[in-house]
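Engineer: upload_7.cif is reproduced below (mmCIF, C-alpha atoms).
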```cif
data_target
#
loop_
_atom_site.label_atom_id
_atom_site.label_comp_id
_atom_site.auth_asym_id
_atom_site.auth_seq_id
_atom_site.Cartn_x
_atom_site.Cartn_y
_atom_site.Cartn_z
CA MET A 1 123.60 127.82 112.53
CA ALA A 2 121.66 131.09 112.48
CA CYS A 3 118.20 131.00 110.95
CA ARG A 4 116.79 133.91 108.98
CA LYS A 5 113.40 135.58 108.94
CA VAL A 6 111.53 135.34 105.66
CA ASP A 7 111.56 138.54 103.62
CA ARG A 8 110.94 139.20 99.93
CA ALA A 9 114.46 138.20 98.88
CA ILE A 10 114.33 134.95 100.85
CA ALA A 11 110.85 134.17 99.52
CA ARG A 12 112.20 134.60 95.99
CA LYS A 13 115.12 132.29 96.82
CA ILE A 14 112.72 129.68 98.21
CA ILE A 15 110.56 129.78 95.09
CA ASP A 16 113.61 129.47 92.82
CA SER A 17 115.22 126.59 94.73
CA ILE A 18 112.28 124.49 96.02
CA ASP A 19 109.98 122.28 93.92
CA ASN A 20 108.27 120.28 96.69
CA PHE A 21 106.72 121.62 99.88
CA LEU A 22 105.89 119.32 102.80
CA PHE A 23 103.48 120.81 105.32
CA ASP A 24 102.70 119.76 108.84
CA CYS A 25 99.02 120.41 109.45
CA ASP A 26 98.02 121.27 113.04
CA GLY A 27 99.59 124.58 113.99
CA VAL A 28 100.74 125.33 110.45
CA LEU A 29 97.68 125.14 108.20
CA TRP A 30 94.93 125.01 110.78
CA GLU A 31 94.21 125.04 114.49
CA ALA A 32 91.57 122.45 115.44
CA SER A 33 88.81 123.06 112.86
CA LYS A 34 89.79 126.58 111.81
CA GLU A 35 92.17 127.61 109.05
CA ILE A 36 95.08 129.77 110.16
CA PRO A 37 94.54 132.97 108.13
CA GLY A 38 96.53 133.08 104.91
CA SER A 39 97.47 129.40 104.87
CA ALA A 40 95.02 128.24 102.19
CA ASP A 41 95.90 131.20 99.95
CA THR A 42 99.61 130.38 100.32
CA ILE A 43 99.06 126.75 99.29
CA ALA A 44 97.01 127.92 96.29
CA ALA A 45 99.74 130.37 95.27
CA LEU A 46 102.41 127.68 95.44
CA ARG A 47 100.30 125.43 93.26
CA LYS A 48 99.90 128.24 90.70
CA LEU A 49 103.69 128.39 90.53
CA GLY A 50 103.81 124.66 89.74
CA LYS A 51 104.99 123.47 93.13
CA LYS A 52 104.08 120.04 94.50
CA ILE A 53 102.28 120.10 97.84
CA PHE A 54 102.32 117.31 100.41
CA TYR A 55 100.61 117.12 103.80
CA ILE A 56 102.67 115.12 106.30
CA THR A 57 101.35 114.43 109.79
CA ASN A 58 102.13 112.27 112.81
CA ASN A 59 98.41 111.90 113.52
CA SER A 60 97.42 108.22 113.31
CA GLY A 61 93.82 108.92 114.28
CA LYS A 62 92.74 109.84 110.73
CA THR A 63 93.04 107.99 107.44
CA ARG A 64 94.38 109.66 104.32
CA SER A 65 90.81 109.91 103.02
CA GLN A 66 89.70 111.69 106.20
CA TYR A 67 92.60 114.13 105.89
CA VAL A 68 91.62 114.92 102.32
CA GLN A 69 88.10 115.68 103.52
CA LYS A 70 89.40 117.98 106.26
CA CYS A 71 91.75 119.77 103.87
CA LYS A 72 88.95 120.43 101.42
CA SER A 73 86.55 121.59 104.15
CA LEU A 74 89.09 124.26 105.19
CA GLY A 75 89.90 125.42 101.67
CA PHE A 76 93.00 123.36 100.86
CA HIS A 77 93.13 121.39 97.62
CA ALA A 78 94.23 117.81 98.35
CA ALA A 79 94.16 114.29 96.93
CA GLU A 80 95.06 111.07 98.76
CA GLU A 81 98.44 110.85 97.07
CA ASP A 82 99.28 114.27 98.56
CA VAL A 83 98.75 113.03 102.13
CA ILE A 84 101.06 110.90 104.22
CA CYS A 85 99.95 110.11 107.77
CA THR A 86 101.55 107.70 110.20
CA GLY A 87 98.76 105.10 110.05
CA HIS A 88 99.14 104.74 106.29
CA ALA A 89 102.94 104.96 106.39
CA ALA A 90 103.14 102.25 109.07
CA ALA A 91 100.90 99.94 107.03
CA GLN A 92 102.95 100.65 103.90
CA TYR A 93 106.20 99.94 105.76
CA ILE A 94 104.88 96.67 107.24
CA ASN A 95 103.58 95.57 103.86
CA ALA A 96 107.02 96.12 102.31
CA GLN A 97 108.58 93.70 104.82
CA ASN A 98 106.63 90.79 103.26
CA LEU A 99 105.86 89.31 106.66
CA LYS A 100 103.87 86.15 107.12
CA GLY A 101 101.32 86.12 109.89
CA LYS A 102 99.21 88.70 111.68
CA VAL A 103 99.71 92.15 113.14
CA TYR A 104 98.74 92.77 116.76
CA CYS A 105 97.65 96.41 116.67
CA VAL A 106 97.53 98.65 119.71
CA GLY A 107 95.84 101.54 117.98
CA ASN A 108 92.62 102.96 116.61
CA THR A 109 90.07 102.25 113.88
CA SER A 110 91.78 104.53 111.34
CA MET A 111 94.94 102.46 111.64
CA GLY A 112 92.83 99.37 111.02
CA VAL A 113 91.44 100.90 107.83
CA GLU A 114 94.98 101.58 106.59
CA LEU A 115 96.10 98.02 107.38
CA ASP A 116 93.03 96.71 105.56
CA SER A 117 93.95 98.75 102.49
CA PHE A 118 97.10 96.63 102.13
CA GLY A 119 95.30 93.36 102.91
CA ILE A 120 97.20 92.93 106.19
CA LYS A 121 95.55 90.66 108.75
CA HIS A 122 95.34 92.30 112.15
CA PHE A 123 93.54 92.28 115.49
CA GLY A 124 93.64 94.09 118.83
CA ILE A 125 91.88 97.38 118.05
CA GLY A 126 89.21 98.37 120.57
CA PRO A 127 88.68 97.69 124.28
CA ASP A 128 90.38 94.69 125.90
CA GLU A 129 89.28 94.84 129.50
CA VAL A 130 91.15 93.29 132.39
CA PRO A 131 88.71 90.91 134.12
CA GLY A 132 88.48 91.64 137.83
CA SER A 133 91.53 92.34 139.95
CA ILE A 134 94.90 91.32 138.50
CA GLU A 135 96.34 90.82 141.97
CA GLN A 136 93.59 88.36 142.88
CA ILE A 137 93.20 86.32 139.71
CA GLY A 138 96.59 86.48 137.98
CA ILE A 139 96.76 87.92 134.48
CA GLN A 140 98.37 84.78 133.03
CA GLN A 141 95.05 82.98 133.26
CA HIS A 142 93.47 85.48 130.85
CA VAL A 143 96.17 85.97 128.20
CA ASN A 144 96.31 83.57 125.28
CA LEU A 145 98.98 84.60 122.78
CA ASP A 146 98.34 83.98 119.08
CA PRO A 147 101.32 82.08 117.59
CA GLU A 148 100.67 83.62 114.15
CA VAL A 149 101.60 87.17 115.24
CA SER A 150 104.72 88.38 113.43
CA CYS A 151 104.42 92.13 114.01
CA VAL A 152 103.23 94.53 116.70
CA LEU A 153 102.06 97.98 115.59
CA VAL A 154 101.53 100.68 118.22
CA GLY A 155 99.83 104.03 117.67
CA PHE A 156 97.36 106.27 119.44
CA ASP A 157 94.99 104.04 121.43
CA PRO A 158 92.42 105.55 123.82
CA HIS A 159 91.83 102.03 125.17
CA ILE A 160 95.41 101.34 126.25
CA ASN A 161 95.51 99.32 129.48
CA TYR A 162 97.48 96.69 131.35
CA MET A 163 96.08 93.82 129.26
CA LYS A 164 97.17 95.40 125.97
CA MET A 165 100.58 96.31 127.38
CA THR A 166 101.07 92.71 128.50
CA LYS A 167 100.08 91.20 125.16
CA ALA A 168 102.07 93.65 123.06
CA ALA A 169 105.25 93.31 125.12
CA SER A 170 104.94 89.52 125.13
CA TYR A 171 104.59 89.36 121.33
CA ILE A 172 107.55 91.73 120.88
CA ARG A 173 109.79 89.61 123.11
CA LYS A 174 109.25 86.66 120.76
CA ASN A 175 112.19 86.20 118.40
CA GLY A 176 111.68 87.73 114.98
CA THR A 177 108.65 89.86 115.83
CA LEU A 178 108.72 93.24 114.10
CA PHE A 179 107.94 96.18 116.40
CA VAL A 180 106.61 99.30 114.65
CA ALA A 181 105.32 102.56 116.16
CA THR A 182 103.53 105.36 114.35
CA ASN A 183 105.22 108.17 116.31
CA GLU A 184 106.37 109.19 119.78
CA ASP A 185 104.78 112.63 120.22
CA THR A 186 104.59 113.50 123.90
CA HIS A 187 101.17 115.19 123.87
CA LEU A 188 98.28 116.18 121.64
CA PRO A 189 98.36 119.73 120.18
CA LEU A 190 95.45 121.12 122.18
CA ALA A 191 95.08 124.66 123.48
CA GLY A 192 94.39 125.42 127.15
CA ASP A 193 95.62 123.97 130.43
CA LEU A 194 94.63 120.35 129.79
CA VAL A 195 97.56 118.08 128.88
CA VAL A 196 96.44 115.05 126.87
CA PRO A 197 99.14 112.35 126.55
CA GLY A 198 100.20 111.61 122.99
CA THR A 199 101.18 108.40 121.24
CA GLY A 200 104.62 108.53 122.86
CA ALA A 201 103.00 107.67 126.18
CA VAL A 202 101.39 104.57 124.65
CA VAL A 203 104.60 103.50 122.91
CA GLY A 204 106.60 104.04 126.10
CA ALA A 205 104.23 101.85 128.11
CA ILE A 206 105.01 98.99 125.73
CA LYS A 207 108.65 99.41 124.77
CA ILE A 208 109.77 99.60 128.41
CA PRO A 209 108.48 96.14 129.40
CA ALA A 210 109.35 94.78 125.93
CA ARG A 211 112.93 96.04 126.36
CA LYS A 212 113.11 96.80 122.65
CA GLU A 213 113.01 99.98 120.57
CA PRO A 214 110.47 100.16 117.73
CA VAL A 215 110.87 101.25 114.14
CA VAL A 216 109.22 104.68 114.39
CA VAL A 217 107.73 105.78 111.07
CA GLY A 218 106.67 109.30 112.09
CA LYS A 219 108.63 112.52 112.39
CA PRO A 220 111.42 113.19 113.29
CA ASN A 221 112.50 109.86 111.81
CA SER A 222 113.06 109.50 108.08
CA VAL A 223 110.71 106.59 107.27
CA MET A 224 107.73 108.68 106.10
CA PHE A 225 109.91 110.89 103.92
CA ASP A 226 111.77 107.87 102.54
CA LEU A 227 108.44 106.37 101.45
CA LEU A 228 107.30 109.67 99.94
CA LYS A 229 110.65 110.20 98.20
CA LYS A 230 110.53 106.78 96.60
CA GLU A 231 106.89 107.07 95.51
CA HIS A 232 107.24 110.56 93.98
CA ASN A 233 110.93 110.49 93.00
CA LEU A 234 111.74 113.51 95.17
CA ASP A 235 115.11 115.21 95.39
CA PRO A 236 115.60 116.20 99.06
CA SER A 237 117.69 119.23 98.08
CA ARG A 238 114.62 120.57 96.21
CA CYS A 239 112.25 119.95 99.15
CA MET A 240 111.20 122.14 102.07
CA MET A 241 109.54 121.03 105.31
CA VAL A 242 107.25 123.64 106.88
CA GLY A 243 106.40 122.99 110.53
CA ASP A 244 105.74 124.39 113.97
CA ARG A 245 107.76 121.91 116.05
CA SER A 246 111.53 121.85 116.18
CA ASP A 247 111.90 118.32 117.59
CA THR A 248 109.75 116.65 114.92
CA ASP A 249 109.24 118.76 111.77
CA ILE A 250 112.57 120.58 111.65
CA HIS A 251 114.59 117.65 112.96
CA MET A 252 113.25 115.42 110.18
CA ALA A 253 114.04 118.05 107.56
CA SER A 254 117.64 118.28 108.74
CA LEU A 255 117.97 114.50 108.96
CA CYS A 256 116.67 114.04 105.41
CA GLY A 257 118.63 116.85 103.76
CA MET A 258 115.70 119.21 103.19
CA ASP A 259 115.40 122.95 103.71
CA SER A 260 113.11 123.98 106.56
CA LEU A 261 110.75 126.78 107.54
CA MET A 262 109.46 127.26 111.09
CA VAL A 263 106.18 129.08 111.72
CA PHE A 264 105.11 130.49 115.08
CA SER A 265 101.38 129.86 114.65
CA GLY A 266 101.49 126.59 116.60
CA ASP A 267 103.84 124.98 119.10
CA MET A 268 106.90 127.22 118.69
CA SER A 269 107.57 130.89 119.49
CA TYR A 270 110.35 133.29 118.50
CA GLU A 271 111.58 133.43 122.10
CA ARG A 272 111.86 129.64 122.30
CA LEU A 273 113.67 129.54 118.97
CA GLN A 274 116.21 132.06 120.25
CA ALA A 275 116.75 129.96 123.37
CA LEU A 276 117.12 126.84 121.23
CA GLN A 277 119.81 128.46 119.10
CA LYS A 278 121.79 129.43 122.19
CA SER A 279 121.54 125.95 123.69
CA ALA A 280 122.27 123.98 120.51
CA ASP A 281 125.61 122.67 121.74
CA THR A 282 125.32 119.19 120.25
CA ASP A 283 124.87 117.91 116.71
CA ASP A 284 121.48 116.47 117.68
CA LYS A 285 120.18 119.80 118.96
CA LYS A 286 121.50 121.60 115.88
CA LEU A 287 119.20 119.43 113.76
CA ASN A 288 116.25 121.19 115.46
CA ILE A 289 117.15 124.65 114.15
CA PRO A 290 115.29 125.73 110.98
CA LYS A 291 116.87 127.52 108.03
CA TYR A 292 114.10 130.12 107.93
CA TYR A 293 111.23 131.32 110.12
CA CYS A 294 108.14 133.53 109.97
CA ASP A 295 105.18 134.28 112.21
CA LYS A 296 102.68 132.36 110.08
CA LEU A 297 102.55 130.71 106.67
CA GLY A 298 100.55 133.61 105.27
CA ASP A 299 103.63 135.84 105.70
CA LEU A 300 105.46 133.75 103.10
CA GLY A 301 102.30 133.76 101.00
CA SER A 302 102.15 137.57 100.90
CA PHE A 303 105.54 137.63 99.19
CA ILE A 304 104.72 134.72 96.88
CA GLN A 305 101.64 136.52 95.57
CA GLN A 306 104.02 139.15 94.11
CA PHE A 307 105.71 136.49 91.96
CA ILE A 308 102.59 135.15 90.25
#
```
Starting from the file, give its structure as structure tokens.
Structural biologist:
Amino acid sequence: MACRKVDRAIARKIIDSIDNFLFDCDGVLWEASKEIPGSADTIAALRKLGKKIFYITNNSGKTRSQYVQKCKSLGFHAAEEDVICTGHAAAQYINAQNLKGKVYCVGNTSMGVELDSFGIKHFGIGPDEVPGSIEQIGIQQHVNLDPEVSCVLVGFDPHINYMKMTKAASYIRKNGTLFVATNEDTHLPLAGDLVVPGTGAVVGAIKIPARKEPVVVGKPNSVMFDLLKKEHNLDPSRCMMVGDRSDTDIHMASLCGMDSLMVFSGDMSYERLQALQKSADTDDKKLNIPKYYCDKLGDLGSFIQQFI
């Protein structure tokens, strides 16, 4: 499937056929703490045309409230109901399962806040040091499993270690324990030569010894969009996902029946998109190809301004 560069005619078609726009954040709207030029104006223009705007991110390190604050600080209008992040989506998904018992959470304080918002009992967030040398003392002497755990939730955890891996895998191996992960991103979207492992590295360290795959709520899976669709009564055929990553943003759009727009202001480049189109020899790879592309979101915005 060939994708097309956004021009005035395509921008008009997008405005006529799309009611709901879902935006990835890092690399699309902003880079670190700086707005990507033209992004805020594009969001404002879409709102003037009556379009619904949603911010959808795999980042579990911020709550919805914190995302609203960041949006507003960079010039983007946002309310909590406009934001869906993996920490909140995971808590919402777990709550819907009506589980009895506690959640063992390998994650961060923001995930704890989201679990608290649903009244879900949880523990595990924060350091859990291994006492002394495992080889000398034997880890079994220092692990006491809580029999009330009915779910393990794994997200970004800067304190991940052997003790947490052991506890999480042990809980998961117990019959009936729900295993949920926020996302499986390989690395954090940081500029420069430093590669910082993403949540996928944490999830992998647990699912391998647990010998079980988790329910992954983040992109490219459909769980976050399914929750959003149900809450806001969205028609996927009238939705567009705008992202900078083919394997998460665009893949989810294809999986969920949405249109998609790729921007080159973040992870992806035109050259890599061309290579992807040539190598898309399987149905799975074809899901990573967007319908449209442009250099940055502001390019779409420059056409939209003409329609207001």
Engineer: Kindly assemble as CSV a list of the segment 202-254 of chain A residues that lie within 12 Å of segment 11-19 of chain A, each paired with its nearest atom pair and their distance in Å to one decimal, using only C-alpha atoms, sorted first by chain and then by ascending residue number.
Structural biologist:
```
residue,atom,partner,partner_atom,distance
A:Asn233,CA,A:Asp19,CA,11.9
A:Leu234,CA,A:Asp19,CA,9.0
A:Asp235,CA,A:Asp19,CA,8.9
A:Pro236,CA,A:Ile18,CA,9.4
A:Ser237,CA,A:Ile18,CA,7.8
A:Arg238,CA,A:Ile18,CA,4.6
A:Cys239,CA,A:Ile18,CA,5.5
A:Met240,CA,A:Ile18,CA,6.6
A:Met241,CA,A:Ile18,CA,10.3
A:Val242,CA,A:Ile14,CA,11.9
```
Engineer: Counting all atoms listed in the file, figure out which residue out of A:Gln306, A:Phe264, A:Arg272, A:Pro127 gets nearest to Cys294 of chain A.
Structural biologist: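 Comparing A:Gln306, A:Phe264, A:Arg272, A:Pro127 against Cys294 of chain A, the winner is A:Phe264.
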Engineer: Looking at A:Ile36, A:Val154, A:Ile84, A:Val149, which one is nearest to Lys207 of chain A, with distances taken over only C-alpha atoms?
Structural biologist: A:Val154
Engineer: Counting all atoms listed in the file, which of A:Ala79, A:Ala210, A:Ile53, A:Leu22 gets nearest to Ser65 of chain A?
Structural biologist: A:Ala79
Engineer: Pick out the residues sitting within 12 Å of Ala44 of chain A, and hand them over as number ranges by chain; count only C-alpha atoms, and ignore anything fewer than 5 positions along from it in its own chain.
Structural biologist: A: 38-39, 49-53, 75-78, 298, 301-302, 304-305, 308
Engineer: Is it possible to get the axis-aligned box enclosing segment 92-98 of chain A (all listed atoms, 5 Å extra per side) as AutoDock Vina command-line options, with centre and edge lengths in Å rounded to one decimal?
Structural biologist:
```
--center_x 105.8 --center_y 95.7 --center_z 104.8 --size_x 15.6 --size_y 19.9 --size_z 14.9
```
Engineer: Hey, which of A:Gly124, A:Pro37, A:Gly192, A:Gly204 ends up closest to Leu145 of chain A? Count all atoms listed in the file.
Structural biologist: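 The shortest atom-to-atom distance to Leu145 of chain A comes from A:Gly124.
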Engineer: Write out as a list in words each polymer residue whose atoms come within 7 Å of segment 104-120 of chain A, counting only C-alpha atoms; drop sequence neighbours fewer than 2 positions from it.
Structural biologist: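 Answer for this query is Ser60, Gly61, Lys62, Thr63, Gly87, His88, Ala91, Asn95, Lys102, His122, Phe123, Gly124, Ile125, Gly126, Val149, Cys151, Val152, Leu153, Val154, Gly155, Phe156 and Asp157 of chain A.
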Engineer: What is the distance, in Å and to one decimal place, between atom CA of Ser170 of chain A and atom CA of Gly198 of chain A?
Structural biologist: 22.7 Å
Engineer: What's the separation between atom CA of Val195 of chain A and atom CA of Gly218 of chain A, in Å to one decimal place?
Structural biologist: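 Atom CA of Gly218 of chain A lies at a distance of 21.0 Å from atom CA of Val195 of chain A.
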Engineer: Return the single residue from A:Val103, A:Leu297, A:Val215, A:Phe307 that is closest to Ile43 of chain A, with distances computed using only C-alpha atoms.
Structural biologist: A:Leu297
